[in-house]
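Heads up, my_file.pdb below (PDB, C-alpha atoms, pLDDT in the B column):
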ATOM      1  CA  MET Y   1    -285.605 -33.693 -90.339  1.00 62.00           C
ATOM      2  CA  LYS Y   2    -286.014 -35.404 -93.686  1.00 72.00           C
ATOM      3  CA  LYS Y   3    -282.913 -36.018 -95.780  1.00 90.00           C
ATOM      4  CA  ILE Y   4    -282.038 -32.920 -97.791  1.00 96.00           C
ATOM      5  CA  LYS Y   5    -280.767 -33.491-101.328  1.00 97.00           C
ATOM      6  CA  GLN Y   6    -278.856 -31.269-103.720  1.00 98.00           C
ATOM      7  CA  TYR Y   7    -281.183 -29.514-106.220  1.00 97.00           C
ATOM      8  CA  GLN Y   8    -284.216 -30.151-104.022  1.00 97.00           C
ATOM      9  CA  VAL Y   9    -286.801 -27.406-103.537  1.00 95.00           C
ATOM     10  CA  VAL Y  10    -287.122 -26.441 -99.865  1.00 97.00           C
ATOM     11  CA  ILE Y  11    -289.339 -23.798 -98.273  1.00 96.00           C
ATOM     12  CA  VAL Y  12    -287.114 -21.556 -96.149  1.00 97.00           C
ATOM     13  CA  ASN Y  13    -287.740 -18.690 -93.737  1.00 96.00           C
ATOM     14  CA  LEU Y  14    -285.074 -16.176 -94.852  1.00 95.00           C
ATOM     15  CA  ASP Y  15    -285.985 -13.475 -92.295  1.00 94.00           C
ATOM     16  CA  PRO Y  16    -284.424 -11.497 -90.719  1.00 94.00           C
ATOM     17  CA  THR Y  17    -282.628  -9.955 -93.664  1.00 92.00           C
ATOM     18  CA  ILE Y  18    -280.701  -6.752 -94.272  1.00 92.00           C
ATOM     19  CA  GLY Y  19    -280.885  -4.345 -97.208  1.00 94.00           C
ATOM     20  CA  SER Y  20    -281.353  -5.949-100.614  1.00 91.00           C
ATOM     21  CA  GLU Y  21    -281.280  -9.577 -99.427  1.00 90.00           C
ATOM     22  CA  ILE Y  22    -284.276 -11.630-100.554  1.00 91.00           C
ATOM     23  CA  LYS Y  23    -286.815 -11.764 -97.726  1.00 92.00           C
ATOM     24  CA  LYS Y  24    -289.773 -13.848 -96.539  1.00 94.00           C
ATOM     25  CA  THR Y  25    -290.510 -17.547 -96.372  1.00 96.00           C
ATOM     26  CA  ARG Y  26    -290.041 -18.792 -99.917  1.00 95.00           C
ATOM     27  CA  PRO Y  27    -288.927 -21.715-102.057  1.00 95.00           C
ATOM     28  CA  CYS Y  28    -285.176 -22.147-102.392  1.00 97.00           C
ATOM     29  CA  ILE Y  29    -282.994 -24.603-104.275  1.00 98.00           C
ATOM     30  CA  VAL Y  30    -280.409 -26.595-102.298  1.00 98.00           C
ATOM     31  CA  ILE Y  31    -277.028 -25.991-103.964  1.00 97.00           C
ATOM     32  CA  SER Y  32    -274.750 -27.733-101.426  1.00 98.00           C
ATOM     33  CA  PRO Y  33    -273.679 -31.307-102.228  1.00 97.00           C
ATOM     34  CA  ASP Y  34    -275.333 -34.280-100.510  1.00 97.00           C
ATOM     35  CA  GLU Y  35    -272.174 -35.109 -98.525  1.00 96.00           C
ATOM     36  CA  MET Y  36    -272.250 -31.654 -96.919  1.00 96.00           C
ATOM     37  CA  ASN Y  37    -276.039 -31.808 -96.435  1.00 97.00           C
ATOM     38  CA  ARG Y  38    -275.696 -35.087 -94.503  1.00 95.00           C
ATOM     39  CA  HIS Y  39    -272.963 -33.978 -92.113  1.00 95.00           C
ATOM     40  CA  LEU Y  40    -273.378 -30.245 -91.437  1.00 96.00           C
ATOM     41  CA  ASN Y  41    -276.144 -28.266 -89.757  1.00 96.00           C
ATOM     42  CA  THR Y  42    -275.990 -25.745 -92.592  1.00 97.00           C
ATOM     43  CA  ILE Y  43    -276.866 -25.924 -96.285  1.00 97.00           C
ATOM     44  CA  ILE Y  44    -276.200 -23.638 -99.229  1.00 98.00           C
ATOM     45  CA  ILE Y  45    -279.324 -22.406-101.009  1.00 98.00           C
ATOM     46  CA  ALA Y  46    -280.342 -20.168-103.886  1.00 97.00           C
ATOM     47  CA  PRO Y  47    -283.672 -18.380-103.338  1.00 97.00           C
ATOM     48  CA  VAL Y  48    -286.495 -18.618-105.882  1.00 95.00           C
ATOM     49  CA  THR Y  49    -288.596 -15.612-106.838  1.00 93.00           C
ATOM     50  CA  SER Y  50    -291.649 -15.180-109.048  1.00 90.00           C
ATOM     51  CA  LYS Y  51    -290.794 -11.571-109.898  1.00 86.00           C
ATOM     52  CA  SER Y  52    -287.583 -10.956-111.804  1.00 73.00           C
ATOM     53  CA  LYS Y  53    -286.160  -9.401-114.881  1.00 75.00           C
ATOM     54  CA  SER Y  54    -284.096 -11.605-117.148  1.00 77.00           C
ATOM     55  CA  TYR Y  55    -280.615 -11.219-115.592  1.00 84.00           C
ATOM     56  CA  PRO Y  56    -277.670 -13.451-116.546  1.00 87.00           C
ATOM     57  CA  THR Y  57    -277.533 -14.646-112.904  1.00 93.00           C
ATOM     58  CA  ARG Y  58    -281.182 -15.790-112.863  1.00 92.00           C
ATOM     59  CA  VAL Y  59    -282.349 -19.195-114.100  1.00 93.00           C
ATOM     60  CA  ALA Y  60    -285.947 -19.467-115.310  1.00 91.00           C
ATOM     61  CA  ILE Y  61    -287.749 -22.552-113.988  1.00 92.00           C
ATOM     62  CA  GLU Y  62    -291.362 -23.655-113.899  1.00 86.00           C
ATOM     63  CA  GLU Y  63    -292.653 -24.377-110.408  1.00 77.00           C
ATOM     64  CA  ARG Y  64    -296.267 -25.538-109.999  1.00 75.00           C
ATOM     65  CA  GLY Y  65    -297.127 -24.288-113.492  1.00 84.00           C
ATOM     66  CA  ASN Y  66    -295.739 -20.798-112.843  1.00 86.00           C
ATOM     67  CA  GLN Y  67    -292.642 -19.035-114.183  1.00 89.00           C
ATOM     68  CA  ASN Y  68    -290.048 -18.513-111.432  1.00 93.00           C
ATOM     69  CA  TRP Y  69    -286.368 -17.661-111.239  1.00 94.00           C
ATOM     70  CA  VAL Y  70    -283.553 -19.250-109.250  1.00 96.00           C
ATOM     71  CA  VAL Y  71    -281.546 -16.266-107.983  1.00 95.00           C
ATOM     72  CA  ILE Y  72    -277.922 -17.357-108.282  1.00 96.00           C
ATOM     73  CA  ASP Y  73    -276.697 -13.872-107.282  1.00 94.00           C
ATOM     74  CA  GLN Y  74    -278.307 -14.363-103.831  1.00 95.00           C
ATOM     75  CA  ILE Y  75    -276.798 -17.748-102.908  1.00 96.00           C
ATOM     76  CA  ARG Y  76    -276.343 -18.034 -99.149  1.00 97.00           C
ATOM     77  CA  THR Y  77    -275.601 -20.500 -96.384  1.00 97.00           C
ATOM     78  CA  ILE Y  78    -278.401 -21.084 -93.889  1.00 97.00           C
ATOM     79  CA  ASP Y  79    -278.950 -23.190 -90.786  1.00 97.00           C
ATOM     80  CA  LYS Y  80    -281.202 -26.172 -91.498  1.00 97.00           C
ATOM     81  CA  ARG Y  81    -283.579 -24.907 -88.789  1.00 96.00           C
ATOM     82  CA  ARG Y  82    -284.718 -22.243 -91.279  1.00 97.00           C
ATOM     83  CA  ILE Y  83    -286.276 -24.981 -93.453  1.00 97.00           C
ATOM     84  CA  VAL Y  84    -290.055 -25.002 -93.061  1.00 96.00           C
ATOM     85  CA  LYS Y  85    -290.799 -27.809 -95.530  1.00 96.00           C
ATOM     86  CA  THR Y  86    -289.036 -29.996 -98.098  1.00 95.00           C
ATOM     87  CA  GLY Y  87    -290.341 -30.495-101.607  1.00 92.00           C
ATOM     88  CA  SER Y  88    -289.593 -31.979-104.996  1.00 91.00           C
ATOM     89  CA  ASN Y  89    -286.373 -31.926-107.008  1.00 94.00           C
ATOM     90  CA  LEU Y  90    -285.584 -29.800-110.037  1.00 95.00           C
ATOM     91  CA  THR Y  91    -285.765 -31.492-113.420  1.00 94.00           C
ATOM     92  CA  GLN Y  92    -282.443 -32.579-114.945  1.00 96.00           C
ATOM     93  CA  GLU Y  93    -282.822 -29.801-117.525  1.00 96.00           C
ATOM     94  CA  ASP Y  94    -283.234 -27.172-114.773  1.00 96.00           C
ATOM     95  CA  ILE Y  95    -280.307 -28.660-112.814  1.00 97.00           C
ATOM     96  CA  ASN Y  96    -278.069 -28.366-115.880  1.00 97.00           C
ATOM     97  CA  ARG Y  97    -279.033 -24.703-116.391  1.00 96.00           C
ATOM     98  CA  VAL Y  98    -278.487 -23.893-112.694  1.00 97.00           C
ATOM     99  CA  LYS Y  99    -275.032 -25.543-112.793  1.00 96.00           C
ATOM    100  CA  GLU Y 100    -274.160 -23.594-115.941  1.00 96.00           C
ATOM    101  CA  VAL Y 101    -275.099 -20.235-114.412  1.00 95.00           C
ATOM    102  CA  ILE Y 102    -273.277 -21.027-111.142  1.00 96.00           C
ATOM    103  CA  LYS Y 103    -270.123 -21.768-113.139  1.00 95.00           C
ATOM    104  CA  GLU Y 104    -270.495 -18.632-115.285  1.00 93.00           C
ATOM    105  CA  THR Y 105    -271.146 -16.494-112.219  1.00 92.00           C
ATOM    106  CA  LEU Y 106    -268.659 -17.868-109.673  1.00 91.00           C
ATOM    107  CA  VAL Y 107    -265.904 -19.677-111.578  1.00 90.00           C
ATOM    108  CA  ASP Y 108    -263.653 -17.747-113.926  1.00 75.00           C
TER     109      ASP Y 108
END

In structure tokens, write the structure found in this file.
Amino acid sequence: MKKIKQYQVVIVNLDPTIGSEIKKTRPCIVISPDEMNRHLNTIIIAPVTSKSKSYPTRVAIEERGNQNWVVIDQIRTIDKRRIVKTGSNLTQEDINRVKEVIKETLVD
């Protein structure tokens, strides 16, 4: 498998899911640090959706010319075998906004 980097877009098969968890094979943002990504068989991701209301835990990004949202409230740890494909990295501006919302959401 290709090297996985923090803030990279990866296509992930999130099924099977339960209840309100985000489903399907979809783009996700790698949140886990590179050190962890190199040495563990798991990574931490935040799913991306094209349909969302403007919640404080959602970060608007543009992906392939379309408005999407990084869903910080659905961060989860997955096995790397769920990754279907690796893609580009977020822009520095998007990375900064994602970091900000993670801090606001998870760190008091």

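Here CA of Lys53 (chain Y) stands at a distance of 9.0 Å from CA of Trp69 (chain Y).
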
Q: Spell out the residues picked by the PyMOL selection byres ((chain Y and resi 59-65) around 10) here, as a ChimeraX atom specification.
A: /Y:9,27,48-50,52,54-58,66-72,88,90-91,93-95,97-102

Q: Just say which residues the PyMOL selection byres ((chain Y and resi 7) around 6) picks in this file, as a ChimeraX atom specification.
A: /Y:6,8,29-31,89-90

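Nearest residue to Lys85 (chain Y) among Y:Ile4, Y:Cys28, Y:Val10, Y:Ile22 is Y:Val10, counting all atoms listed in the file.
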
Q: Point out the residue among Y:Asp73, Y:Ala46, Y:Asp34, Y:Val84 with the least atom-to-atom distance to Asn13 (chain Y), counting all atoms listed in the file.
A: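 Among the listed residues, Y:Val84 lies closest to Asn13 (chain Y).
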
Q. In terms of the shortest atom-to-atom distance over all atoms listed in the file, which of Y:Arg26, Y:Lys2, Y:Lys103, Y:Lys51 is closest to Leu14 (chain Y)?
A.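 Ranked by minimum distance to Leu14 (chain Y), first place goes to Y:Arg26.
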
Q.
Counting all atoms listed in the file, which residue out of Y:Leu106, Y:Ile45, Y:Val12, Y:Leu40 sits closest to Gln74 (chain Y)?
A.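 With all atoms listed in the file as the atom set, the closest residue is Y:Ile45.
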
Q) Which of these residues is nearest to Thr17 (chain Y), using all atoms listed in the file: Y:Asn37, Y:Thr42, Y:Thr105, Y:Arg76? A) Y:Arg76
